[in-house]
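**Q** The structure that follows is given in the form of structure tokens.
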Amino acid sequence: MSSVSCIFKKLSAPPSRHLILSWRCSSNFHVAMSSHASARICTPFTEAELGFLVSSCGREGNIRLGSCLHASIVKNPPFFDIGDPDSRRRAHVTYNCLLHLYCKCGELDDAVKMFDDMLLRDTVSWNSLISGFLKHGHLQLGFGYFKSLVGSSIYRFDCASLTSVLSACDRLEAVRTVKMIHALAILNGYEKEITVGNALTTSYFKCRSFGSGMRVFDEMMERNVVTWTAAISGLAQNEFYGESLKLFVEMYHSVLSPNYLTYLSALSACSGLQALKEGAQIHGVTWKLGIQSDLCIESALMDMYSKCGCMEDAWQIFESAEVLDEVSMTVILVGFAQNGFEEEAIKMFVKIVKAGNNVDPNMISAILGVFGTDTSQGLGVQVHSLVIKRGFDSNVFVNNGLINMYSKCGELEESVKVFDWMTQKNQVSWNSIIAAFARHGDGLKALQFYEEMRLQGVEPTDITFLSLLHACSHAGLLHKGMEFLESMEKAYGMCPRMEHYASIVDMLGRAGFLEEAKNFIEELPLKPDVLVWQPLLGACGIYGDIDIGKYAADQLAHAAPDSPVPYISMANIYSSRGRWKERARTVKKMKDKGVKKETGISWIEIEKKIHSFVVADQMHPQGDGVYDILLMLFGHMRDEGYVPDSVFISVYSNQEGRGYSTDYLNLSNSIVI
DNA sequence: ATAGGGTTAG
């Protein structure tokens with residue numbers, strides 16, 4: 001209170017009523033309280049001023065000051081003359097303001113009490129109550145009051161009633177309600193109201209009924225910035241990024257000016273499209289408008305640049321940002337993770353946690369995705385501890401991330417533990433556990449989980465089928481695999497992607513049905529690409545099939561001119577058959593074309609250090625010892641009857657190698673739990 | 001009435 005007394009000491013006279021009202025209750029509860037008290041010394045507020053203050057409290061969520069004002073109203077009730085309609089109406093407005101206050105602040109018991117006690121109610125009172133319940137998650141009650149309002153013979157609903165109910169319809173299941181409201185709007189002549197049209201557009205898109213959303217948009221007689229922004233963001237949310245951006249461009253060239261929210265929506269469309277050129281143009285516009293330093297804009301820009309693979313541009317924005325929050329930090333973490341900078345992602349995450357920044361479930365699920373693609377096993381477990389400590393262990397995204405993290409790090413049992421522990425599971429949870437078993441070669445168990453998934457009534461996605469096909473491929477379940485492909489199309493009406501076909505090719509190839517795999521590719525409804533030629537060629541490598549191998553290699557070289565794979569695979573096939581001349585010719589061809597193979601590295605983490613090795617390694621400090629042990633092991637293997645398979649003699653087996661060991665980021669003990 | 005980030009396959 002000392003700051004308040006300071007303010008009052010500086011004032012020679014009590015603050016004017018006008019000043020008090022302009023302070024409202026906004027930034028400083030104490031100032032407003034004291035000024036109210038001091039104003040009472042002079043003259044009490046009028047009803048209109050009190051109403052204004054109360055509804056300001058509601059807008060700003062200041063229930064403390066609001067209920068004090070309520071107390072003062074109870075003590076000194078607004079005068080009204082029962083015979084004078086104007087005075088009755090004025091008193092009624094004050095009560096509506098109080099109702100609005102309690103609804104906005106989520107004090108719904110008090111709101112209902114107010115509502116029940118009111119002598120007079122009108123549409124505004126009903127709308128306050130309805131939106132109070134809906135905005136605070138009590139959907140059933142909110143809809144219940146809405147139905148009473150619609151069915152009432154005394155009260156009439158209006159546009160605001162419709163839009164507030166529509167704003168609660170943001171899930172797939174809500175589409176029936178949206179349609180009902182839509183019908184209600186048409187029947188009562190509200191469908192031409194721009195706010196109703198805007199709300200309908202938004203809700204249809206949120207319920208993923210993008211066709212209906214677009215139709216409402218198209219048929220609207222009058223459109224404003226909100227209308228356009230609703231459609232642009234709705235299309236982007238439904239992954240129609242191209243259409244979204246097209247609409248944005250159309251709007252940009254129209255008489256309407258996009259606003260801040262429009263730019264955010266358009267940027268998210270650019271991210272989804274990886275539309276660097278358009279995204280950078282919008283970046284330019286944000287400078288022109290002076291909104292380039294807004295945190296949300298910065299996050300959207302960073303996301304756009306990183307999804308386009310331009311990590312440096314994203315990093316530049318990140319570095320120059322004045323403030324950061326969970327979203328912007330997540331954007332940059334994901335950017336690192338998905339552009340091949342896994343170590344940087346981990347380093348940054350550790351820094352964020354160590355600096356005591358807030359982490360949220362989204363950030364955690366993002367970082368969990370990088371473990372297992374690199375070497376840091378111990379850290380994943382530490383993040384799990386963090387999850388428990390922060391109380392995120394019931395978040396579905398986080399738990400899905402944990403399942404994947406453990407399975408990628410080889411801890412299948414831990415994945416199962418997390419999965420069993422989850423009280424809420426979604427499609428991704430099931431996909432993740434199926435993929436975990438597929439990854440570990442337990443195809444039958446993966447299939448069992450799929451059965452369980454169906455029993456529980458969870459709809460599979462295209463990724464479910466990808467994991468299932470992967471599982472079948474590794475377990476040699478050829479017929480099952482073909483069945484899945486068929487049921488995917490026929491029972492679930494999904495359109496298989498090239499990845500699905502590639503998995504079938506892999507499956508056929510591994511089983512030795514090379515001719516069938518080749519025919520399968522030729523009959524595909526899609527134009528074959530690298531994804532299917534590569535597994536066919538790989539299978540030819542296993543079976544030493546020169547004819548089909550050559551065909552697949554040619555196709556692959558055509559589809560991916562910079563890939564070394566066709567040459568290396570063919571060279572290996574030739575050498576496995578003793579066709580040394582052809583082998584040499586193939587190697588020469590590769591060199592002439594100038595394609596290079598990236599050197600393969602294997603590594604192991606020992607006591608927080610990574611030791612990396614390449615073929616014929618001569619650089620590792622303990623190389624001699626390693627080779628001694630290798631020779632010893634080889635001796636043992638030979639003694640037990642192992643015969644080396646010349647099929648796997650590599651083109652590069654004579655290449656001079658290099659190896660190194662590095663300090664492993666010093667991270668392993670970095671997260672203090 | 002419109003708004004920035006997250007998990008699954010390879």
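Chains: A, B, ... in order of the structure tokens. Residues: from 1 per chain. Ligands: from 1, in order shown.
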Using only C-alpha atoms (C1' of nucleotides), determine which residues lie at most 10 Å from range 141-144 of chain A, disregarding the query and same-chain residues fewer than 3 positions distant; provide the list as a PDB file with N, CA and C atoms, in the first residue's frame.
**A**
```pdb
ATOM      1  N   ASN A 127     -27.009 -14.539 -22.204  1.00  0.00           N
ATOM      2  CA  ASN A 127     -25.757 -14.696 -22.951  1.00  0.00           C
ATOM      3  C   ASN A 127     -24.552 -14.711 -22.018  1.00  0.00           C
ATOM      4  N   LEU A 129     -24.450 -15.737 -18.929  1.00  0.00           N
ATOM      5  CA  LEU A 129     -24.415 -17.006 -18.222  1.00  0.00           C
ATOM      6  C   LEU A 129     -23.933 -18.127 -19.140  1.00  0.00           C
ATOM      7  N   ILE A 130     -24.470 -18.147 -20.359  1.00  0.00           N
ATOM      8  CA  ILE A 130     -24.101 -19.204 -21.315  1.00  0.00           C
ATOM      9  C   ILE A 130     -22.615 -19.150 -21.607  1.00  0.00           C
ATOM     10  N   SER A 131     -22.118 -17.959 -21.945  1.00  0.00           N
ATOM     11  CA  SER A 131     -20.702 -17.902 -22.311  1.00  0.00           C
ATOM     12  C   SER A 131     -19.827 -18.132 -21.084  1.00  0.00           C
ATOM     13  N   GLY A 132     -20.313 -17.755 -19.890  1.00  0.00           N
ATOM     14  CA  GLY A 132     -19.557 -18.043 -18.666  1.00  0.00           C
ATOM     15  C   GLY A 132     -19.317 -19.531 -18.515  1.00  0.00           C
ATOM     16  N   PHE A 133     -20.370 -20.312 -18.660  1.00  0.00           N
ATOM     17  CA  PHE A 133     -20.216 -21.767 -18.529  1.00  0.00           C
ATOM     18  C   PHE A 133     -19.346 -22.336 -19.635  1.00  0.00           C
ATOM     19  N   LEU A 134     -19.591 -21.904 -20.876  1.00  0.00           N
ATOM     20  CA  LEU A 134     -18.838 -22.469 -22.000  1.00  0.00           C
ATOM     21  C   LEU A 134     -17.357 -22.117 -21.911  1.00  0.00           C
ATOM     22  N   LYS A 135     -17.055 -20.849 -21.597  1.00  0.00           N
ATOM     23  CA  LYS A 135     -15.656 -20.408 -21.582  1.00  0.00           C
ATOM     24  C   LYS A 135     -14.877 -21.081 -20.465  1.00  0.00           C
ATOM     25  N   HIS A 136     -15.593 -21.545 -19.425  1.00  0.00           N
ATOM     26  CA  HIS A 136     -14.871 -22.195 -18.334  1.00  0.00           C
ATOM     27  C   HIS A 136     -15.018 -23.706 -18.370  1.00  0.00           C
ATOM     28  N   GLY A 137     -15.328 -24.211 -19.550  1.00  0.00           N
ATOM     29  CA  GLY A 137     -15.263 -25.655 -19.760  1.00  0.00           C
ATOM     30  C   GLY A 137     -16.488 -26.444 -19.338  1.00  0.00           C
ATOM     31  N   HIS A 138     -17.532 -25.770 -18.852  1.00  0.00           N
ATOM     32  CA  HIS A 138     -18.733 -26.523 -18.477  1.00  0.00           C
ATOM     33  C   HIS A 138     -19.694 -26.554 -19.664  1.00  0.00           C
ATOM     34  N   LYS A 147     -30.178 -24.047 -24.596  1.00  0.00           N
ATOM     35  CA  LYS A 147     -31.415 -24.702 -25.022  1.00  0.00           C
ATOM     36  C   LYS A 147     -32.622 -24.073 -24.324  1.00  0.00           C
ATOM     37  N   SER A 148     -32.472 -23.781 -23.019  1.00  0.00           N
ATOM     38  CA  SER A 148     -33.588 -23.142 -22.318  1.00  0.00           C
ATOM     39  C   SER A 148     -33.921 -21.806 -22.955  1.00  0.00           C
ATOM     40  N   LEU A 149     -32.876 -21.071 -23.336  1.00  0.00           N
ATOM     41  CA  LEU A 149     -33.099 -19.760 -23.941  1.00  0.00           C
ATOM     42  C   LEU A 149     -33.835 -19.913 -25.271  1.00  0.00           C
ATOM     43  N   VAL A 150     -33.356 -20.872 -26.087  1.00  0.00           N
ATOM     44  CA  VAL A 150     -33.974 -21.064 -27.400  1.00  0.00           C
ATOM     45  C   VAL A 150     -35.437 -21.498 -27.243  1.00  0.00           C
ATOM     46  N   SER A 164     -21.553 -17.098 -29.213  1.00  0.00           N
ATOM     47  CA  SER A 164     -20.861 -17.599 -28.026  1.00  0.00           C
ATOM     48  C   SER A 164     -20.977 -19.125 -27.942  1.00  0.00           C
ATOM     49  N   VAL A 165     -22.095 -19.685 -28.392  1.00  0.00           N
ATOM     50  CA  VAL A 165     -22.178 -21.145 -28.417  1.00  0.00           C
ATOM     51  C   VAL A 165     -21.240 -21.704 -29.489  1.00  0.00           C
ATOM     52  N   ALA A 168     -17.644 -22.342 -28.666  1.00  0.00           N
ATOM     53  CA  ALA A 168     -17.321 -23.524 -27.861  1.00  0.00           C
ATOM     54  C   ALA A 168     -17.240 -24.781 -28.729  1.00  0.00           C
ATOM     55  N   THR A 177     -23.521 -29.833 -33.505  1.00  0.00           N
ATOM     56  CA  THR A 177     -23.992 -28.608 -32.855  1.00  0.00           C
ATOM     57  C   THR A 177     -23.861 -27.423 -33.804  1.00  0.00           C
TER      58      THR A 177
END
```
**Q** Excluding DA1 in chain B and any residue of its chain fewer than 6 positions from it, enumerate the residues within 9 Å of it, using only C-alpha atoms (C1' of nucleotides), and give them as JSON, numbers by chain.
**A** {"A": [163, 167, 194, 195, 196, 197, 198, 199, 200, 202, 226, 227, 230]}
**Q** Could you please take those selected residues and save C-alpha atoms as a PDB file, in the first residue's frame?
**A**
```
ATOM      1  CA  THR A 163     -21.630 -16.796 -31.642  1.00  0.00           C
ATOM      2  CA  SER A 167     -17.042 -20.471 -30.110  1.00  0.00           C
ATOM      3  CA  ILE A 194     -21.347 -10.890 -40.380  1.00  0.00           C
ATOM      4  CA  THR A 195     -20.479 -11.977 -36.824  1.00  0.00           C
ATOM      5  CA  VAL A 196     -22.572 -15.113 -37.191  1.00  0.00           C
ATOM      6  CA  GLY A 197     -21.031 -15.920 -40.572  1.00  0.00           C
ATOM      7  CA  ASN A 198     -17.567 -15.410 -39.150  1.00  0.00           C
ATOM      8  CA  ALA A 199     -18.279 -17.633 -36.168  1.00  0.00           C
ATOM      9  CA  LEU A 200     -19.783 -20.332 -38.391  1.00  0.00           C
ATOM     10  CA  THR A 202     -14.396 -20.543 -37.740  1.00  0.00           C
ATOM     11  CA  VAL A 226     -12.107 -11.261 -39.527  1.00  0.00           C
ATOM     12  CA  THR A 227     -13.947 -13.271 -42.186  1.00  0.00           C
ATOM     13  CA  ALA A 230     -10.921 -16.985 -40.197  1.00  0.00           C
TER      14      ALA A 230
END
```
**Q** DG10 in chain B: which residues within 12 Å, counting only C-alpha atoms (C1' of nucleotides), same-chain residues fewer than 2 positions away excluded, as a ChimeraX atom specification?
**A** /A:435,439,463,466-467,470,498-500,502-503,531,535 /B:8
**Q** Write the selection just made, keeping C-alpha atoms (C1' of nucleotides), as a short mmCIF file (atom, residue, chain, number, x, y, z; two decimals), in the first residue's frame?
**A**
```cif
data_model
loop_
_atom_site.label_atom_id
_atom_site.label_comp_id
_atom_site.auth_asym_id
_atom_site.auth_seq_id
_atom_site.Cartn_x
_atom_site.Cartn_y
_atom_site.Cartn_z
CA ALA A 435 6.17 -48.88 -33.96
CA ARG A 439 11.41 -51.47 -34.46
CA ILE A 463 1.01 -44.18 -39.90
CA LEU A 466 3.08 -47.90 -42.01
CA SER A 467 4.22 -49.33 -38.69
CA HIS A 470 7.15 -52.36 -41.22
CA MET A 498 4.57 -44.14 -51.54
CA GLU A 499 6.00 -45.12 -48.14
CA HIS A 500 3.36 -47.81 -47.79
CA ALA A 502 7.87 -49.07 -50.39
CA SER A 503 7.24 -51.20 -47.35
CA LEU A 531 11.39 -44.77 -52.04
CA PRO A 535 14.31 -51.42 -51.32
"C1'" DT B 8 4.13 -41.39 -34.49
#
```
**Q** Just list the residues in range 156-218 of chain A DSSP gives alpha helix (DSSP H) on the backbone, as a ChimeraX atom specification.
**A** /A:159-166,175-187,194-206,210-218
**Q** By how many Å are C1' of DA3 in chain B and CA of Phe248 in chain A apart?
**A**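 One can read the C1' of DA3 in chain B to CA of Phe248 in chain A distance as 14.7 Å.
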**Q** Running DSSP on the backbone, which parts of range 453-667 of chain A land in strand (DSSP E or B), as a ChimeraX atom specification?
**A** /A:602-606,609-613,660-663
**Q** Can I get the selection written as a PDB file, in the first residue's frame, with C-alpha atoms?
**A**
```
ATOM      1  CA  SER A 602      29.480 -46.079 -35.894  1.00  0.00           C
ATOM      2  CA  TRP A 603      29.886 -44.942 -32.354  1.00  0.00           C
ATOM      3  CA  ILE A 604      29.592 -45.941 -28.758  1.00  0.00           C
ATOM      4  CA  GLU A 605      29.217 -43.902 -25.597  1.00  0.00           C
ATOM      5  CA  ILE A 606      31.544 -44.861 -22.764  1.00  0.00           C
ATOM      6  CA  LYS A 609      32.613 -39.803 -24.142  1.00  0.00           C
ATOM      7  CA  ILE A 610      31.615 -40.682 -27.658  1.00  0.00           C
ATOM      8  CA  HIS A 611      33.989 -42.940 -29.546  1.00  0.00           C
ATOM      9  CA  SER A 612      33.410 -42.906 -33.311  1.00  0.00           C
ATOM     10  CA  PHE A 613      34.739 -45.345 -35.863  1.00  0.00           C
ATOM     11  CA  TYR A 660      37.907 -39.453 -33.288  1.00  0.00           C
ATOM     12  CA  SER A 661      36.717 -39.280 -29.776  1.00  0.00           C
ATOM     13  CA  THR A 662      35.267 -36.161 -28.282  1.00  0.00           C
ATOM     14  CA  ASP A 663      34.149 -34.900 -24.996  1.00  0.00           C
TER      15      ASP A 663
END
```
**Q** What residues in chain A lie within 6 Å of chain B, counting only C-alpha atoms (C1' of nucleotides), written as a PyMOL selection string?
**A** chain A and resi 195+198-199+226+229-230+261+296+299-300+327+330-331+362+365-366+397+400-401+428+431-432+466
**Q** Mind giving me the straight-line distance from CA of Ser128 in chain A to CA of Leu99 in chain A in Å, one decimal?
**A**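 Computing the Euclidean distance for CA of Ser128 in chain A and CA of Leu99 in chain A yields 7.0 Å.
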**Q** Between A:Ala231, A:Leu120, A:Leu324, A:Leu412, which residue has the minimum interatomic distance to Ser293 in chain A, considering only C-alpha atoms?
**A**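 Using only C-alpha atoms, Ser293 in chain A sits closest to A:Leu324.
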**Q** Write out as a VMD selection string each polymer residue whose atoms come within 9 Å of Met329 in chain A, counting only C-alpha atoms (C1' of nucleotides); drop sequence neighbours fewer than 3 positions from it.
**A** (chain A and resid 299 318 324 to 326 332 to 334 348 to 349 352 363) or (chain B and resid 5)
**Q** Hey, what's within 10 Å of Leu245 in chain A if we count only C-alpha atoms (C1' of nucleotides) and toss same-chain stuff fewer than 4 positions away? As a ChimeraX atom specification, please?
**A** /A:232-233,235-236,240-241,249-251,265-270,273,275,278-279
**Q** With a distance cut-off of 6 Å and only C-alpha atoms (C1' of nucleotides), select the neighbouring residues of Cys472 in chain A, excluding the residue or stretch itself and same-chain residues fewer than 4 positions from it, and output the selection as a list in words.
**A**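 Using only C-alpha atoms (C1' of nucleotides), the neighbours found are Gly443, Gly476, Leu477 and Gly481 of chain A.
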**Q** Can you write just those residues out, C-alpha atoms, as a short mmCIF file (atom, residue, chain, number, x, y, z; two decimals), in the first residue's frame?
**A**
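Saved the output as again_28.cif:
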```
data_model
loop_
_atom_site.label_atom_id
_atom_site.label_comp_id
_atom_site.auth_asym_id
_atom_site.auth_seq_id
_atom_site.Cartn_x
_atom_site.Cartn_y
_atom_site.Cartn_z
CA GLY A 443 6.15 -58.19 -35.40
CA GLY A 476 8.40 -62.07 -42.68
CA LEU A 477 4.60 -61.87 -42.50
CA GLY A 481 1.24 -57.28 -44.91
#
```
**Q** I'd like the interatomic distance between CA of Gly578 in chain A and CA of Ile542 in chain A, to a tenth of an Å.
**A**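 So the answer is 14.9 Å.
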